Structure formats: C-alpha cells, structure tokens
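Trainee: File follows, work09.pdb with PDB, C-alpha atoms, pLDDT in the B column:
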ATOM      1  CA  MET K  18     121.751  94.522 124.259  1.00 76.00           C
ATOM      2  CA  LYS K  19     124.613  92.223 123.465  1.00 88.00           C
ATOM      3  CA  ILE K  20     127.180  93.031 120.810  1.00 86.00           C
ATOM      4  CA  ASP K  21     126.683  89.610 119.198  1.00 89.00           C
ATOM      5  CA  ASP K  22     122.890  89.989 118.892  1.00 96.00           C
ATOM      6  CA  ASP K  23     121.618  89.753 115.333  1.00 97.00           C
ATOM      7  CA  ASP K  24     120.919  93.096 113.664  1.00 98.00           C
ATOM      8  CA  PHE K  25     117.161  92.861 114.155  1.00 98.00           C
ATOM      9  CA  THR K  26     117.477  92.139 117.876  1.00 97.00           C
ATOM     10  CA  LEU K  27     120.057  94.898 118.224  1.00 97.00           C
ATOM     11  CA  PHE K  28     117.691  97.383 116.591  1.00 97.00           C
ATOM     12  CA  GLY K  29     114.592  96.036 118.354  1.00 96.00           C
ATOM     13  CA  LEU K  30     112.935  95.300 115.013  1.00 97.00           C
ATOM     14  CA  PRO K  31     111.045  92.220 113.864  1.00 97.00           C
ATOM     15  CA  ARG K  32     113.092  89.693 111.898  1.00 97.00           C
ATOM     16  CA  GLN K  33     111.384  90.295 108.573  1.00 98.00           C
ATOM     17  CA  PHE K  34     112.122  91.728 105.144  1.00 98.00           C
ATOM     18  CA  GLY K  35     109.302  94.268 105.077  1.00 98.00           C
ATOM     19  CA  LEU K  36     110.633  97.045 107.275  1.00 98.00           C
ATOM     20  CA  ASP K  37     110.079 100.776 107.089  1.00 97.00           C
ATOM     21  CA  ARG K  38     113.293 102.597 106.176  1.00 97.00           C
ATOM     22  CA  ALA K  39     112.336 105.545 108.389  1.00 97.00           C
ATOM     23  CA  ALA K  40     111.949 103.213 111.390  1.00 97.00           C
ATOM     24  CA  ILE K  41     115.353 101.665 110.698  1.00 98.00           C
ATOM     25  CA  ASP K  42     116.978 105.095 110.450  1.00 98.00           C
ATOM     26  CA  GLU K  43     115.186 106.367 113.569  1.00 98.00           C
ATOM     27  CA  ARG K  44     116.363 103.372 115.582  1.00 97.00           C
ATOM     28  CA  TRP K  45     119.922 103.815 114.224  1.00 98.00           C
ATOM     29  CA  ARG K  46     119.981 107.454 115.378  1.00 97.00           C
ATOM     30  CA  ALA K  47     118.698 106.455 118.816  1.00 97.00           C
ATOM     31  CA  LEU K  48     121.290 103.697 119.174  1.00 96.00           C
ATOM     32  CA  GLN K  49     124.096 105.951 117.968  1.00 94.00           C
ATOM     33  CA  SER K  50     123.160 108.556 120.539  1.00 93.00           C
ATOM     34  CA  GLU K  51     123.385 105.854 123.238  1.00 93.00           C
ATOM     35  CA  VAL K  52     126.750 104.420 122.200  1.00 91.00           C
ATOM     36  CA  HIS K  53     128.597 107.373 120.712  1.00 87.00           C
ATOM     37  CA  PRO K  54     132.134 107.505 122.154  1.00 84.00           C
ATOM     38  CA  ASP K  55     131.793 111.223 122.980  1.00 84.00           C
ATOM     39  CA  ARG K  56     129.273 110.294 125.662  1.00 84.00           C
ATOM     40  CA  PHE K  57     131.982 108.319 127.462  1.00 89.00           C
ATOM     41  CA  VAL K  58     134.801 110.869 127.570  1.00 84.00           C
ATOM     42  CA  ALA K  59     134.561 111.258 131.356  1.00 87.00           C
ATOM     43  CA  GLN K  60     134.744 107.483 131.836  1.00 88.00           C
ATOM     44  CA  GLY K  61     138.190 107.116 130.284  1.00 86.00           C
ATOM     45  CA  ALA K  62     139.870 105.551 127.282  1.00 87.00           C
ATOM     46  CA  ALA K  63     138.698 101.981 127.948  1.00 89.00           C
ATOM     47  CA  ALA K  64     135.044 103.038 128.021  1.00 88.00           C
ATOM     48  CA  GLN K  65     135.545 105.045 124.848  1.00 87.00           C
ATOM     49  CA  ARG K  66     137.082 102.009 123.083  1.00 90.00           C
ATOM     50  CA  VAL K  67     134.089  99.881 124.049  1.00 91.00           C
ATOM     51  CA  ALA K  68     131.759 102.632 122.895  1.00 91.00           C
ATOM     52  CA  MET K  69     133.633 102.776 119.596  1.00 93.00           C
ATOM     53  CA  GLN K  70     133.139  99.025 119.137  1.00 94.00           C
ATOM     54  CA  TRP K  71     129.440  99.486 119.779  1.00 95.00           C
ATOM     55  CA  ALA K  72     129.233 102.415 117.371  1.00 94.00           C
ATOM     56  CA  VAL K  73     130.921 100.350 114.648  1.00 95.00           C
ATOM     57  CA  ARG K  74     128.577  97.423 115.350  1.00 97.00           C
ATOM     58  CA  VAL K  75     125.509  99.681 115.146  1.00 97.00           C
ATOM     59  CA  ASN K  76     126.727 101.218 111.881  1.00 97.00           C
ATOM     60  CA  GLU K  77     127.358  97.778 110.357  1.00 97.00           C
ATOM     61  CA  ALA K  78     123.871  96.637 111.345  1.00 98.00           C
ATOM     62  CA  HIS K  79     122.359  99.830 109.946  1.00 98.00           C
ATOM     63  CA  GLY K  80     124.144  99.248 106.649  1.00 98.00           C
ATOM     64  CA  ARG K  81     122.667  95.746 106.349  1.00 98.00           C
ATOM     65  CA  LEU K  82     119.169  96.632 107.489  1.00 98.00           C
ATOM     66  CA  LYS K  83     118.689  99.758 105.377  1.00 98.00           C
ATOM     67  CA  ASP K  84     119.651  98.054 102.105  1.00 98.00           C
ATOM     68  CA  PRO K  85     116.842  95.728 100.953  1.00 97.00           C
ATOM     69  CA  LEU K  86     119.205  93.409  99.087  1.00 97.00           C
ATOM     70  CA  ARG K  87     121.636  93.086 101.986  1.00 97.00           C
ATOM     71  CA  ARG K  88     118.720  92.685 104.429  1.00 98.00           C
ATOM     72  CA  ALA K  89     117.268  89.856 102.327  1.00 98.00           C
ATOM     73  CA  ALA K  90     120.638  88.107 102.089  1.00 97.00           C
ATOM     74  CA  TYR K  91     121.113  88.489 105.855  1.00 98.00           C
ATOM     75  CA  LEU K  92     117.669  87.044 106.601  1.00 98.00           C
ATOM     76  CA  CYS K  93     118.411  84.066 104.360  1.00 97.00           C
ATOM     77  CA  GLU K  94     121.732  83.568 106.143  1.00 96.00           C
ATOM     78  CA  LEU K  95     120.067  83.746 109.567  1.00 97.00           C
ATOM     79  CA  ALA K  96     117.635  81.058 108.402  1.00 97.00           C
ATOM     80  CA  GLY K  97     120.489  78.782 107.304  1.00 95.00           C
ATOM     81  CA  HIS K  98     120.315  79.527 103.564  1.00 94.00           C
ATOM     82  CA  ALA K  99     123.377  81.612 102.805  1.00 91.00           C
ATOM     83  CA  VAL K 100     123.247  83.322  99.438  1.00 92.00           C
ATOM     84  CA  ASP K 101     126.887  82.437  98.635  1.00 83.00           C
ATOM     85  CA  ALA K 102     126.842  84.658  95.555  1.00 66.00           C
ATOM     86  CA  GLY K 103     130.531  84.032  94.904  1.00 66.00           C
ATOM     87  CA  SER K 104     130.308  80.253  94.807  1.00 66.00           C
ATOM     88  CA  ARG K 105     126.659  79.579  93.940  1.00 65.00           C
ATOM     89  CA  THR K 106     126.064  81.260  90.618  1.00 66.00           C
ATOM     90  CA  ALA K 107     123.531  78.797  89.206  1.00 75.00           C
ATOM     91  CA  LEU K 108     120.373  80.654  88.268  1.00 85.00           C
ATOM     92  CA  PRO K 109     117.283  79.696  86.275  1.00 87.00           C
ATOM     93  CA  ALA K 110     117.942  79.540  82.531  1.00 90.00           C
ATOM     94  CA  GLU K 111     115.235  82.103  81.738  1.00 93.00           C
ATOM     95  CA  PHE K 112     116.891  84.641  84.027  1.00 94.00           C
ATOM     96  CA  LEU K 113     120.284  84.015  82.460  1.00 92.00           C
ATOM     97  CA  VAL K 114     118.811  84.515  78.982  1.00 95.00           C
ATOM     98  CA  GLN K 115     117.180  87.754  80.156  1.00 96.00           C
ATOM     99  CA  GLN K 116     120.469  88.880  81.686  1.00 94.00           C
ATOM    100  CA  MET K 117     122.286  88.219  78.391  1.00 96.00           C
ATOM    101  CA  GLN K 118     119.653  90.178  76.467  1.00 97.00           C
ATOM    102  CA  TRP K 119     120.028  93.131  78.817  1.00 97.00           C
ATOM    103  CA  ARG K 120     123.813  93.010  78.503  1.00 97.00           C
ATOM    104  CA  GLU K 121     123.633  92.926  74.701  1.00 97.00           C
ATOM    105  CA  ALA K 122     121.166  95.820  74.664  1.00 97.00           C
ATOM    106  CA  LEU K 123     123.454  97.819  76.946  1.00 97.00           C
ATOM    107  CA  GLU K 124     126.479  97.145  74.762  1.00 96.00           C
ATOM    108  CA  GLU K 125     124.568  98.147  71.611  1.00 96.00           C
ATOM    109  CA  ALA K 126     123.028 101.287  73.120  1.00 96.00           C
ATOM    110  CA  ASP K 127     124.573 104.408  71.653  1.00 93.00           C
ATOM    111  CA  GLN K 128     122.211 107.010  73.114  1.00 95.00           C
ATOM    112  CA  ALA K 129     121.432 108.016  76.675  1.00 96.00           C
ATOM    113  CA  GLU K 130     117.718 107.559  76.045  1.00 96.00           C
ATOM    114  CA  GLN K 131     118.242 103.907  75.073  1.00 97.00           C
ATOM    115  CA  ILE K 132     120.243 103.219  78.217  1.00 97.00           C
ATOM    116  CA  SER K 133     117.696 105.042  80.359  1.00 97.00           C
ATOM    117  CA  ARG K 134     114.783 103.022  78.898  1.00 97.00           C
ATOM    118  CA  LEU K 135     116.695  99.799  79.458  1.00 98.00           C
ATOM    119  CA  ASP K 136     117.514 100.791  83.037  1.00 97.00           C
ATOM    120  CA  HIS K 137     113.841 101.566  83.722  1.00 97.00           C
ATOM    121  CA  ALA K 138     112.834  98.143  82.398  1.00 97.00           C
ATOM    122  CA  VAL K 139     115.446  96.443  84.566  1.00 98.00           C
ATOM    123  CA  ALA K 140     114.355  98.532  87.573  1.00 98.00           C
ATOM    124  CA  ASP K 141     110.795  97.301  87.037  1.00 98.00           C
ATOM    125  CA  ASP K 142     112.042  93.703  87.100  1.00 97.00           C
ATOM    126  CA  GLU K 143     114.044  94.499  90.228  1.00 97.00           C
ATOM    127  CA  ARG K 144     110.951  95.872  92.015  1.00 98.00           C
ATOM    128  CA  ILE K 145     108.947  92.771  91.106  1.00 98.00           C
ATOM    129  CA  ARG K 146     111.701  90.500  92.416  1.00 97.00           C
ATOM    130  CA  LEU K 147     111.991  92.477  95.662  1.00 98.00           C
ATOM    131  CA  THR K 148     108.247  92.087  96.173  1.00 98.00           C
ATOM    132  CA  GLN K 149     108.611  88.354  95.557  1.00 98.00           C
ATOM    133  CA  VAL K 150     111.459  88.199  98.081  1.00 98.00           C
ATOM    134  CA  GLN K 151     109.269  89.883 100.681  1.00 98.00           C
ATOM    135  CA  THR K 152     106.529  87.312 100.101  1.00 98.00           C
ATOM    136  CA  LEU K 153     108.989  84.411 100.151  1.00 98.00           C
ATOM    137  CA  ILE K 154     110.586  85.551 103.404  1.00 98.00           C
ATOM    138  CA  ASP K 155     107.796  87.196 105.393  1.00 98.00           C
ATOM    139  CA  GLU K 156     104.814  85.078 104.361  1.00 98.00           C
ATOM    140  CA  GLN K 157     106.046  81.755 102.993  1.00 98.00           C
ATOM    141  CA  HIS K 158     109.284  81.464 104.995  1.00 98.00           C
ATOM    142  CA  ASP K 159     110.858  79.923 101.875  1.00 98.00           C
ATOM    143  CA  PHE K 160     114.421  81.060 102.427  1.00 97.00           C
ATOM    144  CA  ALA K 161     115.967  78.700  99.856  1.00 94.00           C
ATOM    145  CA  THR K 162     113.936  80.230  97.021  1.00 95.00           C
ATOM    146  CA  ALA K 163     114.475  83.709  98.475  1.00 96.00           C
ATOM    147  CA  ALA K 164     118.244  83.124  98.408  1.00 95.00           C
ATOM    148  CA  GLU K 165     117.991  82.255  94.715  1.00 93.00           C
ATOM    149  CA  GLN K 166     116.070  85.478  94.071  1.00 95.00           C
ATOM    150  CA  VAL K 167     118.669  87.436  96.045  1.00 96.00           C
ATOM    151  CA  ARG K 168     121.399  86.015  93.801  1.00 94.00           C
ATOM    152  CA  ALA K 169     119.414  87.188  90.756  1.00 95.00           C
ATOM    153  CA  LEU K 170     118.956  90.599  92.357  1.00 96.00           C
ATOM    154  CA  MET K 171     122.710  90.849  92.870  1.00 95.00           C
ATOM    155  CA  PHE K 172     123.192  90.337  89.131  1.00 94.00           C
ATOM    156  CA  ILE K 173     120.585  93.024  88.508  1.00 97.00           C
ATOM    157  CA  ALA K 174     122.295  95.443  90.910  1.00 97.00           C
ATOM    158  CA  ARG K 175     125.607  94.983  89.084  1.00 96.00           C
ATOM    159  CA  PHE K 176     123.892  95.485  85.743  1.00 97.00           C
ATOM    160  CA  ARG K 177     122.253  98.713  86.935  1.00 97.00           C
ATOM    161  CA  GLU K 178     125.629  99.986  88.175  1.00 97.00           C
ATOM    162  CA  ASP K 179     127.065  99.261  84.724  1.00 97.00           C
ATOM    163  CA  ALA K 180     124.137 101.059  83.101  1.00 97.00           C
ATOM    164  CA  ASP K 181     124.707 104.061  85.385  1.00 97.00           C
ATOM    165  CA  ARG K 182     128.369 104.175  84.365  1.00 96.00           C
ATOM    166  CA  ARG K 183     127.411 104.030  80.690  1.00 95.00           C
ATOM    167  CA  LEU K 184     124.817 106.739  81.211  1.00 95.00           C
ATOM    168  CA  ALA K 185     127.367 108.971  82.931  1.00 94.00           C
ATOM    169  CA  VAL K 186     129.409 109.005  79.718  1.00 91.00           C
ATOM    170  CA  PHE K 187     126.565 110.860  78.005  1.00 87.00           C
ATOM    171  CA  GLU K 188     126.273 113.529  80.691  1.00 80.00           C
TER     172      GLU K 188
END
Starting from the file, give its structure as structure tokens.

Mentor:
Amino acid sequence: MKIDDDDFTLFGLPRQFGLDRAAIDERWRALQSEVHPDRFVAQGAAAQRVAMQWAVRVNEAHGRLKDPLRRAAYLCELAGHAVDAGSRTALPAEFLVQQMQWREALEEADQAEQISRLDHAVADDERIRLTQVQTLIDEQHDFATAAEQVRALMFIARFREDADRRLAVFE
C-alpha cells in the first residue's frame, strides 16, 4: 500500500461504481485496524504520526467510496472527466425544467404529505439516474456522460436536503 494510491487500490476493490457497501465497510474496518495509531504506541511518536496520516487517508477514502454520488464523481475524475460542479453547471434543458417544477412544488407545498410525496418522486428519479450512472461507468465506460449525470444528481441531492428541512418544520 502506498498513501497516494487511489481509493480503490487502497481498499483492494475493483475500480467500478457497482460496489457492495458491506464490502467497503468491511475493508475499511480491516484497514483501520492495521493503521490505527494505538497499534504504534510502543514505536514512538513518529510512528504514531505516520499511523495517524494513514488513518486519515483511509477515512477519506472510505467517505468517498461509501457514498454513491461521491464514488461516481471520483471515478469520473480518475478517468479524466472531472465533474466540476461549481464551474460546469450546464445541464440538459429537460432536467432544468424538471428541477424548476420540483422547486415550485416544494415552495407551494403547505402540508407534510405533499412534501413527502414530492420527495418520494424525486427519490425515484435519483434511483433511476444512479442506475444509469452505473451502466455508463461500469459497462459503457462513458465517463463524460456519467459526469453530466453526476452533476444532475448533485442538484437532486441538494433538493432532497431542502425537502428534508421543509419536512422537519412539520414534525
């Protein structure tokens, strides 16, 4: 293992979108047990500092790999197609129209049930897009189109967070 290995190499997992969350978590626990600073107490402060760097690196990789959206963005980046969500906001017109309709519906919703129904509909769209991302990355190796889908999924994630906040008002 090298500290600058990509997350998949570090975890000994295939470089693909479709990964089992339990396998990711199991590998994280195994790596953490290997690099935890407490294991290096007898070897002195320098060894503990190195172990701490490794523990941080393993935790960062775990955070990216366990989150499907972050994993997809990372895979696109590794393939030379950075998502650049901050600077590349161009999305297909039909998605932008859909996004506006969802936003309007959320603003107009005055009951928890309305917000919940809307969130379920958006979650369905999110699941479909994640399935498409898996196909684009793992089967078609079309990282440019996958990066576009990831940008759309980032909009959806923000929308769902907003819907959750609105729903919390009713609880």

Trainee: Smallest atom-to-atom distance to Ala161 in chain K: which of K:His98, K:Arg44, K:Arg88, K:Lys83, using all atoms listed in the file?

Mentor: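 Going through K:His98, K:Arg44, K:Arg88, K:Lys83 one by one, the smallest distance to Ala161 in chain K is for K:His98.
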
Trainee: What are the nearest atom pairs, with distances in Å to one decimal, for all residues of range 32-125 of chain K that come at most 9 Å from range 164-182 of chain K, using only C-alpha atoms, set out by chain and rising residue number as a Markdown table?

Mentor:
| residue | atom | partner | partner_atom | distance |
| --- | --- | --- | --- | --- |
| K:Leu86 | CA | K:Val167 | CA | 6.7 |
| K:Arg87 | CA | K:Val167 | CA | 8.7 |
| K:Ala89 | CA | K:Val167 | CA | 6.9 |
| K:Ala90 | CA | K:Val167 | CA | 6.4 |
| K:Cys93 | CA | K:Ala164 | CA | 6.0 |
| K:Glu94 | CA | K:Ala164 | CA | 8.5 |
| K:His98 | CA | K:Ala164 | CA | 6.6 |
| K:Ala99 | CA | K:Ala164 | CA | 6.9 |
| K:Val100 | CA | K:Ala164 | CA | 5.1 |
| K:Asp101 | CA | K:Arg168 | CA | 8.1 |
| K:Ala102 | CA | K:Arg168 | CA | 5.9 |
| K:Arg105 | CA | K:Arg168 | CA | 8.3 |
| K:Thr106 | CA | K:Arg168 | CA | 7.4 |
| K:Ala107 | CA | K:Glu165 | CA | 8.5 |
| K:Leu108 | CA | K:Glu165 | CA | 7.1 |
| K:Pro109 | CA | K:Glu165 | CA | 8.8 |
| K:Phe112 | CA | K:Ala169 | CA | 7.6 |
| K:Leu113 | CA | K:Ala169 | CA | 8.9 |
| K:Gln116 | CA | K:Ile173 | CA | 8.0 |
| K:Trp119 | CA | K:Phe176 | CA | 8.3 |
| K:Arg120 | CA | K:Phe176 | CA | 7.7 |
| K:Leu123 | CA | K:Ala180 | CA | 7.0 |

Trainee: Please, what distance in Å, to one decimal, runs between CA of Val75 in chain K and CA of Asp155 in chain K?

Mentor: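 About the pair CA of Val75 in chain K and CA of Asp155 in chain K: they are 23.8 Å apart.
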
Trainee: Expressed in Å to a single decimal, how great is the separation between CA of Ala185 in chain K and CA of Pro85 in chain K?

Mentor: 24.7 Å

Trainee: Report as a list in words the residues that result from applying the PyMOL selection byres ((chain K and resi 47) around 12) to the structure here.

Mentor: Leu27, Phe28, Gly29, Ala40, Ile41, Asp42, Glu43, Arg44, Trp45, Arg46, Leu48, Gln49, Ser50, Glu51, Val52, His53, Ala72, Val75, Asn76 and His79 of chain K

Trainee: Could you take the residues named above and write them with C-alpha atoms, as a PDB file, keeping the file's coordinate frame?

Mentor:
ATOM      1  CA  LEU K  27     120.057  94.898 118.224  1.00 97.00           C
ATOM      2  CA  PHE K  28     117.691  97.383 116.591  1.00 97.00           C
ATOM      3  CA  GLY K  29     114.592  96.036 118.354  1.00 96.00           C
ATOM      4  CA  ALA K  40     111.949 103.213 111.390  1.00 97.00           C
ATOM      5  CA  ILE K  41     115.353 101.665 110.698  1.00 98.00           C
ATOM      6  CA  ASP K  42     116.978 105.095 110.450  1.00 98.00           C
ATOM      7  CA  GLU K  43     115.186 106.367 113.569  1.00 98.00           C
ATOM      8  CA  ARG K  44     116.363 103.372 115.582  1.00 97.00           C
ATOM      9  CA  TRP K  45     119.922 103.815 114.224  1.00 98.00           C
ATOM     10  CA  ARG K  46     119.981 107.454 115.378  1.00 97.00           C
ATOM     11  CA  LEU K  48     121.290 103.697 119.174  1.00 96.00           C
ATOM     12  CA  GLN K  49     124.096 105.951 117.968  1.00 94.00           C
ATOM     13  CA  SER K  50     123.160 108.556 120.539  1.00 93.00           C
ATOM     14  CA  GLU K  51     123.385 105.854 123.238  1.00 93.00           C
ATOM     15  CA  VAL K  52     126.750 104.420 122.200  1.00 91.00           C
ATOM     16  CA  HIS K  53     128.597 107.373 120.712  1.00 87.00           C
ATOM     17  CA  ALA K  72     129.233 102.415 117.371  1.00 94.00           C
ATOM     18  CA  VAL K  75     125.509  99.681 115.146  1.00 97.00           C
ATOM     19  CA  ASN K  76     126.727 101.218 111.881  1.00 97.00           C
ATOM     20  CA  HIS K  79     122.359  99.830 109.946  1.00 98.00           C
TER      21      HIS K  79
END

Trainee: Suppose you want the space between CA of Ala163 in chain K and CA of Leu147 in chain K; what is it in Å?

Mentor: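 Between CA of Ala163 in chain K and CA of Leu147 in chain K the gap is 9.5 Å.
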
Trainee: I need the residue nearest Ala39 in chain K from this list: K:Ala62, K:Glu188, K:Leu82, K:Glu111. Use only C-alpha atoms for the distance.

Mentor: K:Leu82

Trainee: Looking at all atoms listed in the file, which of K:Ala78, K:Arg183, K:Arg134, K:Ile154 is the one that sits closest to Asp22 in chain K?

Mentor: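 Looking only at the distances to Asp22 in chain K, the closest residue turns out to be K:Ala78.
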
Trainee: As lines of an AutoDock Vina configuration file, please report the centre and edge lengths, rounded to one decimal in Å, of the axis-aligned box that holds all listed atoms of range 156-167 of chain K with 4 Å of padding on each of the six sides.

Mentor:
center_x = 111.7
center_y = 83.1
center_z = 99.5
size_x = 21.9
size_y = 16.7
size_z = 18.9
